[in-house]
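Text of the file upload_3.cif, holding mmCIF, C-alpha atoms:
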```cif
data_target
loop_
_atom_site.label_atom_id
_atom_site.label_comp_id
_atom_site.auth_asym_id
_atom_site.auth_seq_id
_atom_site.Cartn_x
_atom_site.Cartn_y
_atom_site.Cartn_z
CA MET A 1 87.00 81.49 72.31
CA ARG A 2 84.67 79.67 74.67
CA THR A 3 81.15 79.04 73.34
CA PRO A 4 78.44 80.72 75.46
CA PRO A 5 75.99 78.40 77.24
CA ILE A 6 72.78 77.41 75.54
CA GLY A 7 70.02 79.88 76.15
CA PHE A 8 72.35 82.72 77.13
CA TYR A 9 71.57 84.76 74.03
CA SER A 10 68.34 83.07 73.08
CA GLY A 11 64.91 84.35 73.81
CA ASN A 12 64.11 81.47 76.12
CA ALA A 13 63.96 83.47 79.39
CA HIS A 14 62.81 80.54 81.51
CA ARG A 15 65.74 78.37 80.51
CA ALA A 16 68.19 81.21 81.13
CA LYS A 17 66.64 81.78 84.57
CA ASP A 18 67.06 78.12 85.46
CA GLN A 19 70.72 78.24 84.42
CA TYR A 20 71.37 81.37 86.54
CA GLU A 21 69.66 79.86 89.57
CA PHE A 22 71.62 76.64 89.26
CA ALA A 23 74.95 78.50 88.85
CA LEU A 24 74.30 80.83 91.79
CA SER A 25 73.19 78.05 94.11
CA LYS A 26 76.31 76.03 93.29
CA LEU A 27 78.66 78.99 93.52
CA PHE A 28 77.38 80.74 96.66
CA GLY A 29 74.80 78.54 98.29
CA GLN A 30 71.44 79.51 99.71
CA SER A 31 72.81 80.58 103.11
CA GLN A 32 75.40 83.05 101.74
CA LEU A 33 72.87 84.60 99.40
CA ALA A 34 70.50 85.08 102.32
CA VAL A 35 73.26 86.79 104.36
CA LEU A 36 73.92 89.12 101.44
CA GLY A 37 70.26 90.02 101.23
CA LEU A 38 69.91 88.66 97.67
CA SER A 39 67.56 86.15 96.17
CA LEU A 40 67.93 83.90 93.18
CA SER A 41 65.12 85.61 91.37
CA GLY A 42 66.61 89.05 92.12
CA CYS A 43 69.97 88.13 90.56
CA MET A 44 68.53 87.86 87.07
CA ALA A 45 69.37 91.44 86.20
CA PHE A 46 72.87 92.03 84.88
CA GLY A 47 73.65 94.71 87.48
CA GLN A 48 72.73 92.37 90.35
CA MET A 49 74.79 89.58 88.83
CA ASN A 50 77.81 91.85 88.44
CA ARG A 51 77.39 93.00 92.05
CA VAL A 52 77.45 89.44 93.37
CA MET A 53 80.45 88.40 91.30
CA ASN A 54 82.57 91.34 92.55
CA LEU A 55 81.88 90.82 96.25
CA ARG A 56 84.45 89.38 98.63
CA PHE A 57 83.51 86.82 101.24
CA TYR A 58 85.35 86.47 104.55
CA SER A 59 85.16 83.63 107.01
CA SER A 60 84.46 86.05 109.88
CA LYS A 61 81.11 87.04 108.27
CA LEU A 62 81.30 90.55 109.68
CA ASP A 63 78.89 93.26 108.68
CA TRP A 64 81.33 95.48 106.79
CA LYS A 65 78.68 98.15 106.20
CA ARG A 66 78.50 98.73 109.95
CA LEU A 67 82.24 98.32 110.48
CA ARG A 68 83.30 100.78 107.76
CA PRO A 69 82.13 103.98 109.57
CA ILE A 70 83.95 102.84 112.72
CA ILE A 71 87.20 102.38 110.77
CA LEU A 72 86.85 105.76 109.05
CA LYS A 73 86.14 107.48 112.36
CA ARG A 74 89.25 105.93 113.91
CA ILE A 75 91.35 107.13 110.97
CA ARG A 76 90.02 110.67 111.38
CA ASN A 77 90.66 110.66 115.12
CA ARG A 78 94.15 109.13 115.00
CA ALA A 79 95.72 112.60 115.04
CA GLY A 80 94.58 112.93 118.67
CA ASP A 81 97.07 110.23 119.69
CA TYR A 82 100.03 112.35 118.57
CA PRO A 83 102.39 113.70 119.72
CA VAL A 84 103.25 111.01 122.24
CA LYS A 85 104.11 112.78 125.49
CA SER A 86 106.77 110.28 126.50
CA MET A 87 108.68 110.92 123.24
CA ILE A 88 108.87 114.71 123.59
CA PRO A 89 112.07 114.57 125.73
CA VAL A 90 113.64 112.29 123.11
CA ALA A 91 112.84 114.76 120.33
CA GLU A 92 114.29 117.66 122.35
CA ASP A 93 117.45 115.64 123.01
CA VAL A 94 117.77 114.96 119.27
CA LEU A 95 117.54 118.70 118.57
CA GLU A 96 120.25 119.44 121.12
CA ALA A 97 122.51 116.65 119.82
CA ARG A 98 122.10 117.86 116.24
CA GLN A 99 123.10 121.40 117.21
CA LEU A 100 126.17 120.19 119.14
CA LEU A 101 127.16 117.96 116.23
CA ARG A 102 127.04 120.73 113.65
CA VAL A 103 128.92 123.16 115.87
CA GLY A 104 131.57 120.55 116.68
CA ILE A 105 132.13 119.60 113.04
CA SER A 106 132.39 123.27 112.08
CA VAL A 107 135.11 123.79 114.70
CA LEU A 108 137.03 120.64 113.75
CA LEU A 109 137.10 121.66 110.08
CA LYS A 110 139.30 124.62 111.05
CA PHE A 111 142.04 122.25 112.23
CA ILE A 112 141.54 119.09 110.16
CA PRO A 113 141.31 119.50 106.37
CA ILE A 114 139.02 117.41 104.19
CA LYS A 115 139.05 116.87 100.46
CA SER A 116 136.05 116.38 98.21
CA CYS A 117 135.96 115.09 94.65
CA LYS A 118 134.91 117.69 92.12
CA PHE A 119 132.89 115.24 90.03
CA CYS A 120 131.46 112.71 92.54
CA PRO A 121 130.36 112.63 96.22
CA GLU A 122 133.57 110.93 97.43
CA ILE A 123 135.45 112.69 100.26
CA PHE A 124 138.65 112.00 102.18
CA ILE A 125 139.69 113.20 105.63
CA GLY A 126 143.27 114.42 105.25
CA CYS A 127 145.57 116.98 103.68
CA SER A 128 145.64 115.25 100.30
CA GLY A 129 143.31 112.80 98.66
CA HIS A 130 143.91 109.13 97.92
CA GLU A 131 144.76 107.45 94.62
CA ILE A 132 142.04 104.81 94.71
CA LYS A 133 140.18 104.68 91.39
CA THR A 134 136.61 104.85 92.63
CA CYS A 135 135.32 107.92 90.79
CA ARG A 136 131.97 107.12 89.15
CA SER A 137 131.36 110.49 87.51
CA PHE A 138 130.72 111.21 83.84
CA LYS A 139 134.48 111.68 83.39
CA ARG A 140 135.46 108.27 84.72
CA ASN A 141 136.36 107.03 81.22
CA ILE A 142 138.66 110.00 80.66
CA ASN A 143 140.54 110.07 83.96
CA GLY A 144 140.48 106.33 84.55
CA GLY A 145 138.44 106.58 87.76
CA MET A 146 140.88 108.96 89.47
CA HIS A 147 139.41 111.68 91.67
CA LYS A 148 140.03 115.40 91.27
CA TRP A 149 140.26 116.78 94.80
CA VAL A 150 139.05 120.16 96.02
CA ASP A 151 138.48 121.57 99.50
CA GLY A 152 135.39 120.22 101.23
CA ASN A 153 132.89 121.75 103.64
CA ILE A 154 130.47 120.70 106.35
CA ASN A 155 127.81 119.53 103.88
CA ASP A 156 130.24 116.93 102.56
CA ILE A 157 130.41 115.34 106.02
CA LEU A 158 126.86 115.94 107.26
CA VAL A 159 124.84 115.29 104.12
CA PRO A 160 121.72 117.51 104.08
CA VAL A 161 118.48 115.54 103.85
CA GLU A 162 115.39 117.69 103.44
CA ALA A 163 111.66 117.01 103.60
CA PHE A 164 108.43 118.95 103.24
CA HIS A 165 107.44 120.92 106.33
CA LEU A 166 103.89 119.92 107.32
CA ASN A 167 101.56 121.72 109.70
CA THR A 168 100.14 118.45 111.05
CA MET A 169 101.19 114.87 110.54
CA PHE A 170 97.85 113.66 109.15
CA GLN A 171 97.07 116.47 106.76
CA LYS A 172 96.09 115.85 103.16
CA ILE A 173 98.65 114.35 100.80
CA ILE A 174 100.75 116.93 98.95
CA LYS A 175 99.91 116.95 95.24
CA HIS A 176 102.39 117.68 92.48
CA ASP A 177 101.06 121.18 91.83
CA GLN A 178 101.35 121.99 95.56
CA ARG A 179 105.08 121.23 95.86
CA PHE A 180 105.99 124.95 96.01
CA ASP A 181 103.41 125.71 98.71
CA PHE A 182 105.41 123.92 101.42
CA ASP A 183 108.83 124.77 102.80
CA ARG A 184 111.73 122.33 102.65
CA VAL A 185 113.43 121.80 106.02
CA PRO A 186 115.96 119.23 107.30
CA ALA A 187 114.27 115.87 107.80
CA VAL A 188 115.52 115.51 111.39
CA LEU A 189 114.00 118.88 112.32
CA GLU A 190 110.69 117.89 110.71
CA LEU A 191 110.69 114.61 112.64
CA CYS A 192 111.33 116.43 115.92
CA TYR A 193 108.65 119.00 115.10
CA GLN A 194 106.05 116.30 114.55
CA ALA A 195 107.24 114.56 117.72
CA GLY A 196 106.29 117.61 119.79
CA ALA A 197 109.65 119.36 120.23
CA ASP A 198 109.71 123.14 120.42
CA VAL A 199 111.22 124.00 117.03
CA SER A 200 111.19 127.76 116.61
CA ASN A 201 110.85 129.48 113.26
CA GLU A 202 114.46 130.66 113.52
CA ILE A 203 115.69 127.07 113.67
CA VAL A 204 113.39 125.99 110.83
CA HIS A 205 114.44 128.78 108.44
CA ASN A 206 118.08 128.89 109.67
CA PRO A 207 118.79 125.26 110.58
CA ASN A 208 122.60 125.63 110.79
CA PRO A 209 123.33 128.43 113.27
CA ILE A 210 126.89 128.62 114.63
CA PRO A 211 127.38 130.55 117.90
CA ASP A 212 129.91 133.40 117.86
CA ASN A 213 131.70 132.22 120.99
CA TRP A 214 133.04 129.17 119.10
CA SER A 215 135.18 131.27 116.76
CA ASP A 216 138.21 131.42 119.10
CA VAL A 217 139.14 127.86 120.03
CA LYS A 218 142.56 126.79 121.23
CA ALA A 219 144.34 123.74 119.88
CA GLU A 220 144.41 122.18 123.36
CA GLU A 221 140.62 122.04 123.41
CA ILE A 222 140.29 120.11 120.15
CA SER A 223 140.42 116.68 121.78
CA GLN A 224 137.55 117.50 124.15
CA ILE A 225 135.51 119.07 121.35
CA ALA A 226 136.04 115.97 119.22
CA GLN A 227 134.85 113.73 122.06
CA ASN A 228 131.74 115.85 122.59
CA THR A 229 131.07 115.74 118.87
CA MET A 230 131.42 111.95 118.83
CA ASP A 231 128.98 111.64 121.74
CA ALA A 232 126.52 113.97 120.00
CA TRP A 233 126.72 111.80 116.85
CA GLU A 234 125.78 108.69 118.83
CA ARG A 235 123.00 110.53 120.68
CA LEU A 236 121.58 111.82 117.42
CA ARG A 237 121.39 108.43 115.69
CA LEU A 238 120.02 106.70 118.79
CA GLY A 239 117.36 109.38 119.27
CA VAL A 240 116.28 109.26 115.62
CA GLN A 241 116.02 105.48 115.86
CA LYS A 242 113.69 105.81 118.86
CA LEU A 243 111.53 108.39 117.11
CA LEU A 244 111.19 106.24 113.99
CA MET A 245 109.74 103.45 116.13
CA VAL A 246 106.81 105.73 116.99
CA TYR A 247 106.48 108.21 114.13
CA PRO A 248 106.22 107.05 110.50
CA ALA A 249 108.69 108.18 107.86
CA LYS A 250 109.04 107.19 104.21
CA VAL A 251 111.94 107.10 101.76
CA CYS A 252 111.89 106.51 98.02
CA LYS A 253 113.25 103.17 96.80
CA HIS A 254 114.97 104.72 93.79
CA CYS A 255 116.23 108.08 95.12
CA SER A 256 117.03 109.74 98.44
CA GLU A 257 113.74 111.65 98.84
CA VAL A 258 112.41 111.48 102.42
CA HIS A 259 108.92 112.28 103.69
CA ILE A 260 107.99 112.48 107.36
CA GLY A 261 104.45 111.20 107.70
CA PRO A 262 102.25 108.11 107.38
CA SER A 263 102.22 108.26 103.57
CA GLY A 264 104.45 109.84 100.99
CA HIS A 265 103.66 112.87 98.86
CA LYS A 266 102.68 112.84 95.19
CA ALA A 267 105.21 115.36 93.93
CA ARG A 268 106.82 113.83 90.85
CA LEU A 269 110.44 114.54 91.75
CA CYS A 270 112.08 111.12 91.36
CA GLY A 271 115.04 111.73 89.07
CA VAL A 272 116.23 108.18 88.38
CA PHE A 273 116.28 107.91 84.60
CA LYS A 274 115.52 104.18 84.61
CA TYR A 275 112.12 104.79 86.17
CA GLU A 276 111.01 107.83 84.16
CA GLY A 277 108.16 105.74 82.80
CA TRP A 278 106.39 106.42 86.08
CA ARG A 279 106.55 110.20 85.40
CA GLY A 280 108.84 110.76 88.35
CA ILE A 281 106.48 109.24 90.94
CA HIS A 282 108.25 108.03 94.07
CA MET A 283 108.03 104.43 95.27
CA TRP A 284 107.87 104.71 99.05
CA LYS A 285 109.13 102.35 101.72
CA LYS A 286 109.79 102.61 105.46
CA ALA A 287 112.69 104.93 106.28
CA GLU A 288 115.63 103.88 108.44
CA VAL A 289 118.07 105.89 110.55
CA SER A 290 120.67 106.07 107.77
CA ASP A 291 118.08 107.60 105.42
CA LEU A 292 117.65 110.62 107.72
CA VAL A 293 121.22 110.69 109.11
CA PRO A 294 123.50 109.29 106.36
CA LEU A 295 126.76 107.66 107.44
CA LYS A 296 128.84 109.01 104.50
CA LEU A 297 131.53 106.33 104.53
CA VAL A 298 135.14 107.34 103.81
CA TRP A 299 138.42 105.43 103.54
CA HIS A 300 140.17 104.98 106.88
CA GLN A 301 143.95 105.36 106.92
CA ARG A 302 145.60 103.21 109.60
CA PRO A 303 149.13 103.71 110.98
CA CYS A 304 150.33 100.69 108.98
CA ASP A 305 148.99 102.08 105.69
CA PRO A 306 151.13 104.13 103.29
CA PRO A 307 150.97 107.95 103.44
CA THR A 308 148.89 107.98 100.24
CA LEU A 309 146.36 105.18 99.78
CA SER A 310 146.98 103.44 96.45
CA ASP A 311 144.55 101.54 94.30
CA GLY A 312 146.49 98.28 94.66
CA GLY A 313 145.77 97.95 98.38
CA ARG A 314 142.10 98.90 98.36
CA GLY A 315 141.17 95.43 99.57
CA PHE A 316 143.16 95.97 102.77
CA TYR A 317 141.88 99.44 103.70
CA GLY A 318 138.91 99.96 105.97
CA HIS A 319 136.01 102.39 105.99
CA ALA A 320 134.50 104.65 108.63
CA PRO A 321 131.69 107.22 108.79
CA ALA A 322 133.03 110.69 108.02
CA VAL A 323 132.05 112.01 111.46
CA VAL A 324 133.80 109.12 113.19
CA GLU A 325 136.94 109.54 111.08
CA ILE A 326 137.31 113.27 111.70
CA CYS A 327 136.68 112.84 115.43
CA LEU A 328 139.24 110.01 115.58
CA GLN A 329 141.91 112.15 113.90
CA ALA A 330 141.11 114.93 116.39
CA GLY A 331 141.82 112.61 119.35
CA ALA A 332 138.38 111.28 120.33
CA ARG A 333 137.66 107.76 121.58
CA ILE A 334 135.31 105.93 119.22
CA PRO A 335 132.96 103.03 120.05
CA LYS A 336 134.21 99.53 119.39
CA LYS A 337 131.35 98.77 117.01
CA TYR A 338 133.27 100.65 114.29
CA TYR A 339 136.47 98.60 114.68
CA CYS A 340 135.39 95.84 112.30
CA MET A 341 134.39 98.32 109.60
CA MET A 342 137.67 100.18 109.95
CA LYS A 343 139.78 96.96 109.94
CA MET A 344 141.74 98.13 112.96
CA GLN A 345 143.39 94.71 113.40
CA GLY A 346 143.64 93.96 109.67
CA LEU A 347 146.76 93.15 107.69
CA PRO A 348 148.72 95.96 106.02
CA PRO A 349 148.75 96.12 102.22
CA PRO A 350 151.68 94.45 100.43
#
```

Whole structure given in C-alpha cells:
Amino acid sequence: MRTPPIGFYSGNAHRAKDQYEFALSKLFGQSQLAVLGLSLSGCMAFGQMNRVMNLRFYSSKLDWKRLRPIILKRIRNRAGDYPVKSMIPVAEDVLEARQLLRVGISVLLKFIPIKSCKFCPEIFIGCSGHEIKTCRSFKRNINGGMHKWVDGNINDILVPVEAFHLNTMFQKIIKHDQRFDFDRVPAVLELCYQAGADVSNEIVHNPNPIPDNWSDVKAEEISQIAQNTMDAWERLRLGVQKLLMVYPAKVCKHCSEVHIGPSGHKARLCGVFKYEGWRGIHMWKKAEVSDLVPLKLVWHQRPCDPPTLSDGGRGFYGHAPAVVEICLQAGARIPKKYYCMMKMQGLPPP
C-alpha cells in the first residue's frame, strides 16, 4: 500500500495547502483552472477536489454547459424528421410485395410438398426428406442425427419475425413490466408502419390474409405464379434494405429478437442459457435484412444428384433459400446470384 504524502493527515494545514496547490498547478495549469472557474485556494475542500479530478478536458474547449441544452433539444425534436416522405412509396411497395409473397407461397404449397423435421427447424422441398445427418435436436444422440420428417406449412418457409408495435418511433423505452402492454406484430409491418405506410388495423391484427379468389388455381398457371412470387421476394428484400438505411432497427446478438427503433427494449426475454447471468437482457446490435426477412436455407437437389440426398455426398450438394427453391421447382427463373450457392455447375457426388 502506498504511503500517503507528508502532511496529508497531519494537522499542518499550511503544508497541506502548499502540496495541493503544487499538485493542481502541475496537473492542470493556471489557464485550465481559470477556464473551469476554479481557484487553487477554492480546491482545498474535498468536494471541490473530487469535482476537478472527475472532469474531462477536450481540446476544443467548448462550453458544454451551453451546448448540452442544444443537444437535448435536438434529441427531443428528432421525431419531427420522421417519417421521410421520399421513403413512403418504398414502404408501401414492401407491404404490397409481402402480401404477394405470402399469397404466392400459399398457392404453391398446394402443388409442391415440403417436409419439416419434427425436432429441429430443418426443412426440405420435395415429396420425401433427405438422409443427411444434420439434426441438432435433443434426440440427435439417439437417432444419430437423422431427421424425422412431417408435413410443413408456410411458417416453415417464411419464418415469422415479430417485434413490439410502437405508437411512435421515439417513444420511451419499453420496460420489462410493460412487455404485455404492447402488441406483437411482424417486424416488416412495424418497419413499414414507422416509415409512413398506411397499415390498417386489419393488417396489423391479421397479418396473413389470403384472398378467396386464389383458392381455384389451375396447374397451367403455376409457372406464372411462381415467377411473380420470385419477383415479390426480391422486391421485399430490396425494399427492406432501403428502409434499414433510413430507419433504425436492432437485433439481439444472442437470440433472434428484433426491435424496430433507435434503441432496443428492456424486456428480459433473451433465452440463451449461456447468457442467463444477465437476467435475460438482450445485447443489441444493428439489424440486417436477413434478420427481418430470414433466408431459411435448404438443400438444393440438382438433376445430377441422386433421388434421395445421402449423407456421404453432403459436400457436393448446394443450398438455396426456401422461397427460391420452391419457386425454381414450380418453373420460375431465378437470379444468377444464387447459382454459386446452389452449386449449379458443381460436380456430382461419387

Inset, instruction - Could you please determine the separation between CA of Cys340 in chain A and CA of Val298 in chain A in Å, to one decimal place? - result: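 Answer for the CA of Cys340 in chain A to CA of Val298 in chain A separation: 14.3 Å.
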
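Relative to CA of Gln241 in chain A, CA of His259 in chain A is found at 15.6 Å.
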
Inset, instruction - Name the residues that the PyMOL selection byres ((chain A and resi 128) around 8) picks from the file above, as number ranges by chain, using the file's chain letters and numbers. - result: A: 114-115, 124, 126-127, 129-130, 149, 308

Inset, instruction - Determine the residue set returned by the PyMOL selection byres ((chain A and resi 93-100) around 12) for the present structure, and present it as a PyMOL selection string. - result: chain A and resi 87-92+101-107+158+186-193+195-200+203-204+206-211+214+225-243+293

Inset, instruction - Run through the PyMOL selection byres ((chain A and resi 264) around 12) on the given coordinates and return the selected residues as a count of residues only. - result: 36

Inset, instruction - Record the distance separating CA of Gly318 in chain A and CA of Met342 in chain A, expressed in Å with one decimal. - result: 4.2 Å

Inset, instruction - For each of A:Ala330, A:Val323, A:Leu72, A:Cys135, take the minimum atom-to-atom distance to Glu220 in chain A, counting all atoms listed in the file, then give the residue where this is smallest. - result: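 Nearest to Glu220 in chain A: A:Ala330.
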
Inset, instruction - Measuring atom to atom with all atoms listed in the file, identify which of A:Cys304, A:Met245, A:Leu309, A:Ile125 is nearest to Val324 in chain A. - result: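 Of all the options, A:Ile125 lies closest to Val324 in chain A.
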
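Among the candidates A:Ser256, A:Gln178, A:Asn167, A:Gln224, the one nearest to Gln194 in chain A when counting all atoms listed in the file is A:Asn167.
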
Legend entry - Pick from A:Cys255, A:Ala320, A:Val159, A:Leu109, whichever lies nearest to Ile334 in chain A using only C-alpha atoms: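 For Ile334 in chain A, the nearest of the candidates is A:Ala320.
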
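Candidate residues A:Tyr338, A:Phe316, A:Trp64, A:Trp299 were compared for distance to Glu131 in chain A, and the nearest is A:Trp299, using only C-alpha atoms.
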
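Near Val217 in chain A, within a cut-off of 10 Å and counting all atoms listed in the file, sit the residues Val107, Leu108, Lys110, Asn213, Glu221, Ile222 and Ile225 of chain A, with same-chain residues fewer than 4 positions away left out.
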